Amino acid sequence: MAPSLAEALRLPYLGVVSGVSVSEGGRKVVVVKEFSGGFRGEYELPVPAVLGVQAAEKPPRYVPVAKVRSAARTGKIEIAEVPVPFKLTVLEVGRMYKPKLAGRAEMLEGSVQDIAERLADLLVERGII
Amino acid sequence: MNANILVLVDHFNGALREITFEMLGVARNLVDTAGGGSVQALLVGEGTAGWVSQLGAADTVLLLDEAGQELLSPDLTLTLLERFIEQKTASLLMLGGTNLTFGLGARLAMRTGLPLVNFCRGVQVVNGAIVCTSALFGGKMLIDVCLPGECGILNIAPGSFSPEAGKVGGTPAVREIPKPAVEEGAVFRRLIAPAAGDLDITKCEVLVSVGRGIQDKENLPLAQALAEALGGAVSASRPVVDQGWLPLTRQVGKSGMTVAPKLYLALGISGAPEHQEGMKDSELIIAINTDPKAPIFDIAHYGATVDLLDLMEPLKAAVEKRRAVAK
Ligand SMILES: Cc1cc2nc3c(=O)[nH]c(=O)nc-3n(C[C@H](O)[C@H](O)[C@H](O)COP(=O)(O)OP(=O)(O)OC[C@H]3O[C@@H](n4cnc5c(N)ncnc54)[C@H](O)[C@@H]3O)c2cc1C
């Protein structure tokens, strides 16, 4: 979503962002992007820009489905025609299906105590303890 | 049918990434089954020319090995890819679904009008057309889509294909490409390494990994005690690190560490694709999760649907009992 929006608005974009601070009196932002292995990259962007925010200090909580349903019941949806600002190529959808599981864990049953004992035996068998 | 494929070589911190070979392998296979076309690899970055001999699965390597250029500069890569599509150098692009190239595919699709397949896990030729399989809702559903006219952009989900198929040495033709003028949006300034001082979980043989199911920071000492009894360390999924309960050095997954210990004990971790990416090659995976439908059970060897808070103490005691007997 964020990269498409950036292109539609013709604004600079950076994604997987986990930190932002303002620089040059508000003309630019210094942005931290996550990579793998705990590495991060520092970038500078002019504003306005679109950032895809990955993690926040206070992560947003998802709205409960019940609240969404009740809002859908009471709310009104207005439909307005807007011109499509970009070319769209539609993909032909074949089928939608649940993935076949490659393998499924062997499930241990019984009380918590039984499971703890079984797991400990297993770890002995495997030479882990 | 012709499949003219361009693979963006994914590399980070001085090393080629496995996803590059996954993409090269699947691209080569596609061209061979299609009966025509070519595989080109785009290699961007200072000092990368030495890697050409590892990219033998490609027919041609398009190389931009200029001082100061980094794959970390998304706008440069975007400009290059857009140009290659305009010039009809390739009609099918493969990008690695990594944090590094995140967003490139969507931006390119908007610029060029090519269709984008995100989280692509399968590509095959069916009745003369290219059919891609994309994962939706964190992998809970799959969808098959047909690429019109063999054209499109594929964001390949890491771990979907065998990297071995793409690990072909050789001497592909090299075409050096000039650095294009780029209207730079995001300018790369520096790489920040993970904080030093903490232990390196990639070297641990046993990891007790906690997820959101641990519920409270107060419960972490129980996991710590269990890890000690097992002779290992505590690692975590992203939400635990985001809350600040453990440092980033303990995070397993796409934005964290890639681990393959002898034992990975996943406690209260659902097993999202981004988490699996960092631990799926562990030798023995045991998952504890109250939800029998949690995707972690699809890759775990053993599992139990009990409350992790109830299990940690008895498991620690059972392990200590075995250790005492062994002495
Ligand atoms: C670009 C990107 C990068 C990402 N990088 C990473 C990454 O590096 N690492 C990572 O982990 N994630 C990463 N994520 C996030 C990932 O998509 C998931 O959101 C995350 O892995 C979920 O963590 P979790 O399994 O702990 O939490 P949840 O998905 O909330 O799962 C918690 C699980 O605990 C179980 N549970 C709850 N209570 C108990 C109990 N008492 N006993 C037993 N089980 C219980 C629940 O049934 C549930 O399955 C990334 C996402 C994106 C988009």
# chains A, B, ... in the order shown; residues from 1 in each chain; ligands from 1
call {"tool": "residues_near_ligand", "arguments": {"ligand": "ligand 1", "cutoff": "7 Å", "atoms": "only C-alpha atoms and all ligand atoms", "output": "JSON, numbers by chain"}}
result
{"A": [16, 54], "B": [99, 210, 211, 212, 213, 214, 215, 236, 237, 238, 239, 240, 251, 252, 253, 254, 255, 256, 267, 268, 269, 270, 271, 272, 273, 274, 275, 288, 289, 290, 291, 294, 305, 306, 307, 308, 309]}
call {"tool": "select_by_dssp", "arguments": {"residues": "chain A", "states": "strand (DSSP E or B)", "output": "PyMOL selection string"}}
result
chain A and resi 13-23+28-34+40-46+50-53+92-97+106-107
call {"tool": "closest_atom_pairs", "arguments": {"of": "chain B", "to": "chain A", "cutoff": "6 Å", "atoms": "only C-alpha atoms", "output": "CSV"}}
result
residue,atom,partner,partner_atom,distance
B:Asn99,CA,A:Phe35,CA,5.6
B:Gly103,CA,A:Pro3,CA,5.4
B:Ala106,CA,A:Ser4,CA,5.7
B:Arg107,CA,A:Pro3,CA,5.5
B:Gly113,CA,A:Lys87,CA,5.1
B:Pro115,CA,A:Thr89,CA,5.4
B:Met141,CA,A:Lys98,CA,4.8
B:Leu142,CA,A:Tyr97,CA,5.3
B:Ile143,CA,A:Met96,CA,4.3
B:Asp144,CA,A:Gly94,CA,5.1
B:Val145,CA,A:Val93,CA,4.5
B:Cys146,CA,A:Glu92,CA,5.2
B:Gly185,CA,A:Pro12,CA,4.8
B:Ala186,CA,A:Leu45,CA,4.8
B:Val187,CA,A:Glu44,CA,5.1
B:Phe188,CA,A:Tyr43,CA,4.4
B:Arg189,CA,A:Tyr43,CA,5.2
B:Arg190,CA,A:Glu42,CA,5.3
B:Leu191,CA,A:Gly41,CA,4.5
B:Ile192,CA,A:Arg40,CA,5.0
B:Ala193,CA,A:Phe39,CA,4.9
B:Pro194,CA,A:Gly38,CA,5.1
B:Lys254,CA,A:Ser36,CA,5.8
B:Ser255,CA,A:Ser36,CA,4.3
B:Gly256,CA,A:Gly37,CA,4.7
B:Met257,CA,A:Gly37,CA,4.5
B:Phe297,CA,A:Ala105,CA,5.3
B:Asp298,CA,A:Arg104,CA,4.7
B:Ala300,CA,A:Ala105,CA,5.0
B:His301,CA,A:Ala105,CA,4.5
B:Tyr302,CA,A:Ala105,CA,4.7
B:Gly303,CA,A:Met107,CA,4.7
B:Ala304,CA,A:Leu108,CA,5.2
B:Leu311,CA,A:Val112,CA,5.8
B:Pro314,CA,A:Ala116,CA,5.9
B:Leu315,CA,A:Ala116,CA,4.5
B:Ala318,CA,A:Glu117,CA,5.7
B:Val319,CA,A:Ala120,CA,5.4
call {"tool": "atom_distance", "arguments": {"atom1": "CA of Leu220 in chain B", "atom2": "CA of Trp245 in chain B"}}
result
8.3 Å
call {"tool": "residues_around", "arguments": {"residues": "Gly122 in chain B", "least_positions_apart": "4", "cutoff": "10 Å", "atoms": "only C-alpha atoms", "output": "list in words"}}
result
Val26, Val131, Cys132, Thr133, Ser134, Ala135, Leu142, Asp144, Ile156, Ala157, Ser160 and Phe161 of chain B
call {"tool": "select_by_dssp", "arguments": {"residues": "range 2-96 of chain A", "states": "helix (DSSP H, G or I)", "output": "ChimeraX atom specification"}}
result
/A:2-8,24-26,65-74
call {"tool": "write_last_selection", "arguments": {"atoms": "N, CA and C atoms", "output": "compact mmCIF listing (two decimals), in the first residue's frame"}}
result
# COMPACT_ATOMS: atom_id res chain seq x y z
N ALA A 2 1.77 1.38 0.96
CA ALA A 2 2.56 2.62 1.09
C ALA A 2 3.39 2.91 -0.18
N PRO A 3 4.09 1.91 -0.76
CA PRO A 3 4.85 2.24 -1.97
C PRO A 3 3.96 2.65 -3.14
N SER A 4 2.77 2.04 -3.26
CA SER A 4 1.86 2.41 -4.35
C SER A 4 1.37 3.83 -4.15
N LEU A 5 1.05 4.16 -2.90
CA LEU A 5 0.59 5.52 -2.58
C LEU A 5 1.67 6.54 -2.92
N ALA A 6 2.90 6.21 -2.55
CA ALA A 6 4.02 7.12 -2.82
C ALA A 6 4.14 7.38 -4.32
N GLU A 7 3.99 6.34 -5.11
CA GLU A 7 4.10 6.51 -6.57
C GLU A 7 2.93 7.33 -7.10
N ALA A 8 1.72 7.05 -6.58
CA ALA A 8 0.54 7.77 -7.06
C ALA A 8 0.69 9.27 -6.74
N GLU A 24 17.20 19.33 9.42
CA GLU A 24 17.25 20.56 8.61
C GLU A 24 15.99 21.40 8.76
N GLY A 25 15.63 21.64 10.02
CA GLY A 25 14.51 22.53 10.32
C GLY A 25 13.19 22.08 9.70
N GLY A 26 13.02 20.79 9.52
CA GLY A 26 11.75 20.26 9.03
C GLY A 26 11.74 20.05 7.52
N VAL A 65 -12.90 -7.60 15.83
CA VAL A 65 -13.81 -7.85 14.70
C VAL A 65 -15.25 -7.43 15.06
N ALA A 66 -15.64 -7.65 16.34
CA ALA A 66 -17.00 -7.32 16.77
C ALA A 66 -17.25 -5.81 16.56
N LYS A 67 -16.22 -5.00 16.89
CA LYS A 67 -16.37 -3.54 16.73
C LYS A 67 -16.50 -3.17 15.24
N VAL A 68 -15.73 -3.86 14.41
CA VAL A 68 -15.79 -3.59 12.97
C VAL A 68 -17.19 -3.92 12.46
N ARG A 69 -17.73 -5.08 12.92
CA ARG A 69 -19.06 -5.50 12.49
C ARG A 69 -20.11 -4.48 12.91
N SER A 70 -20.02 -4.01 14.18
CA SER A 70 -21.06 -3.08 14.63
C SER A 70 -20.93 -1.75 13.89
N ALA A 71 -19.71 -1.34 13.56
CA ALA A 71 -19.53 -0.11 12.79
C ALA A 71 -20.11 -0.28 11.39
N ALA A 72 -19.92 -1.50 10.83
CA ALA A 72 -20.42 -1.76 9.48
C ALA A 72 -21.95 -1.72 9.45
N ARG A 73 -22.57 -2.09 10.58
CA ARG A 73 -24.03 -2.10 10.65
C ARG A 73 -24.59 -0.69 10.71
N THR A 74 -23.90 0.17 11.51
CA THR A 74 -24.46 1.51 11.73
C THR A 74 -23.93 2.53 10.72
call {"tool": "decode", "arguments": {"residues": "range 5-103 of chain A", "atoms": "C-alpha atoms", "output": "mmCIF file, in the first residue's frame"}}
result
data_model
loop_
_atom_site.group_PDB
_atom_site.id
_atom_site.type_symbol
_atom_site.label_atom_id
_atom_site.label_comp_id
_atom_site.auth_asym_id
_atom_site.auth_seq_id
_atom_site.Cartn_x
_atom_site.Cartn_y
_atom_site.Cartn_z
ATOM 1 C CA LEU A 5 0.586 5.520 -2.584
ATOM 2 C CA ALA A 6 4.025 7.124 -2.824
ATOM 3 C CA GLU A 7 4.095 6.511 -6.565
ATOM 4 C CA ALA A 8 0.540 7.774 -7.058
ATOM 5 C CA LEU A 9 1.483 10.969 -5.206
ATOM 6 C CA ARG A 10 4.943 11.038 -6.846
ATOM 7 C CA LEU A 11 6.623 11.301 -3.456
ATOM 8 C CA PRO A 12 9.814 9.713 -2.129
ATOM 9 C CA TYR A 13 9.292 6.460 -0.246
ATOM 10 C CA LEU A 14 11.046 4.208 2.221
ATOM 11 C CA GLY A 15 9.625 1.062 3.812
ATOM 12 C CA VAL A 16 10.293 -1.186 6.825
ATOM 13 C CA VAL A 17 10.912 1.981 8.826
ATOM 14 C CA SER A 18 11.390 1.762 12.587
ATOM 15 C CA GLY A 19 12.534 5.275 13.476
ATOM 16 C CA VAL A 20 12.084 8.838 12.220
ATOM 17 C CA SER A 21 13.515 12.190 13.302
ATOM 18 C CA VAL A 22 13.216 15.621 11.758
ATOM 19 C CA SER A 23 16.307 17.318 10.350
ATOM 20 C CA GLU A 24 17.252 20.557 8.607
ATOM 21 C CA GLY A 25 14.507 22.528 10.320
ATOM 22 C CA GLY A 26 11.753 20.264 9.030
ATOM 23 C CA ARG A 27 12.874 20.108 5.385
ATOM 24 C CA LYS A 28 14.150 16.575 5.727
ATOM 25 C CA VAL A 29 13.665 13.468 7.836
ATOM 26 C CA VAL A 30 16.300 11.009 9.001
ATOM 27 C CA VAL A 31 14.796 7.555 8.843
ATOM 28 C CA VAL A 32 15.921 4.189 10.177
ATOM 29 C CA LYS A 33 15.075 1.139 8.078
ATOM 30 C CA GLU A 34 15.360 -2.465 9.276
ATOM 31 C CA PHE A 35 17.449 -5.061 7.495
ATOM 32 C CA SER A 36 18.133 -8.638 8.529
ATOM 33 C CA GLY A 37 20.515 -9.859 11.223
ATOM 34 C CA GLY A 38 19.650 -6.920 13.486
ATOM 35 C CA PHE A 39 21.233 -4.467 11.032
ATOM 36 C CA ARG A 40 19.551 -1.178 10.302
ATOM 37 C CA GLY A 41 20.168 1.520 7.734
ATOM 38 C CA GLU A 42 20.004 5.266 8.176
ATOM 39 C CA TYR A 43 18.529 7.263 5.275
ATOM 40 C CA GLU A 44 17.668 10.878 4.651
ATOM 41 C CA LEU A 45 14.555 11.904 2.730
ATOM 42 C CA PRO A 46 13.104 15.255 1.748
ATOM 43 C CA VAL A 47 9.562 15.886 2.964
ATOM 44 C CA PRO A 48 6.818 15.402 1.996
ATOM 45 C CA ALA A 49 7.507 11.678 1.741
ATOM 46 C CA VAL A 50 5.657 8.409 2.358
ATOM 47 C CA LEU A 51 7.083 6.054 4.980
ATOM 48 C CA GLY A 52 6.010 2.440 5.499
ATOM 49 C CA VAL A 53 6.229 2.128 9.275
ATOM 50 C CA GLN A 54 7.278 -1.284 10.526
ATOM 51 C CA ALA A 55 7.413 -0.984 14.280
ATOM 52 C CA ALA A 56 6.276 1.730 16.609
ATOM 53 C CA GLU A 57 7.103 2.497 20.226
ATOM 54 C CA LYS A 58 3.444 2.004 21.044
ATOM 55 C CA PRO A 59 2.307 -0.587 18.522
ATOM 56 C CA PRO A 60 -1.267 -0.040 17.335
ATOM 57 C CA ARG A 61 -3.748 -2.619 18.512
ATOM 58 C CA TYR A 62 -5.979 -4.280 15.989
ATOM 59 C CA VAL A 63 -9.629 -3.328 16.151
ATOM 60 C CA PRO A 64 -11.731 -6.231 17.470
ATOM 61 C CA VAL A 65 -13.811 -7.845 14.697
ATOM 62 C CA ALA A 66 -16.999 -7.318 16.767
ATOM 63 C CA LYS A 67 -16.369 -3.537 16.728
ATOM 64 C CA VAL A 68 -15.794 -3.594 12.966
ATOM 65 C CA ARG A 69 -19.064 -5.497 12.489
ATOM 66 C CA SER A 70 -21.056 -3.080 14.632
ATOM 67 C CA ALA A 71 -19.527 -0.106 12.792
ATOM 68 C CA ALA A 72 -20.424 -1.757 9.476
ATOM 69 C CA ARG A 73 -24.035 -2.105 10.645
ATOM 70 C CA THR A 74 -24.458 1.508 11.732
ATOM 71 C CA GLY A 75 -22.101 3.330 9.371
ATOM 72 C CA LYS A 76 -23.053 4.582 5.931
ATOM 73 C CA ILE A 77 -20.839 3.997 2.941
ATOM 74 C CA GLU A 78 -20.800 6.697 0.301
ATOM 75 C CA ILE A 79 -19.621 5.685 -3.133
ATOM 76 C CA ALA A 80 -17.923 8.291 -5.287
ATOM 77 C CA GLU A 81 -16.510 7.772 -8.780
ATOM 78 C CA VAL A 82 -12.854 8.775 -9.070
ATOM 79 C CA PRO A 83 -10.627 8.604 -12.110
ATOM 80 C CA VAL A 84 -7.961 5.880 -11.923
ATOM 81 C CA PRO A 85 -4.673 7.813 -11.930
ATOM 82 C CA PHE A 86 -2.506 4.953 -13.214
ATOM 83 C CA LYS A 87 -2.513 2.032 -15.603
ATOM 84 C CA LEU A 88 -3.855 -1.193 -14.135
ATOM 85 C CA THR A 89 -3.105 -4.666 -15.377
ATOM 86 C CA VAL A 90 -5.502 -7.186 -14.018
ATOM 87 C CA LEU A 91 -4.191 -10.603 -13.109
ATOM 88 C CA GLU A 92 -6.335 -13.534 -14.078
ATOM 89 C CA VAL A 93 -7.153 -15.397 -10.885
ATOM 90 C CA GLY A 94 -7.199 -19.167 -11.273
ATOM 91 C CA ARG A 95 -8.083 -20.651 -7.922
ATOM 92 C CA MET A 96 -7.834 -19.885 -4.233
ATOM 93 C CA TYR A 97 -7.154 -22.736 -1.844
ATOM 94 C CA LYS A 98 -5.715 -23.762 1.495
ATOM 95 C CA PRO A 99 -2.069 -24.858 1.370
ATOM 96 C CA LYS A 100 -1.299 -28.552 1.644
ATOM 97 C CA LEU A 101 0.811 -29.053 4.713
ATOM 98 C CA ALA A 102 4.288 -30.303 3.985
ATOM 99 C CA GLY A 103 4.464 -32.019 7.335
#
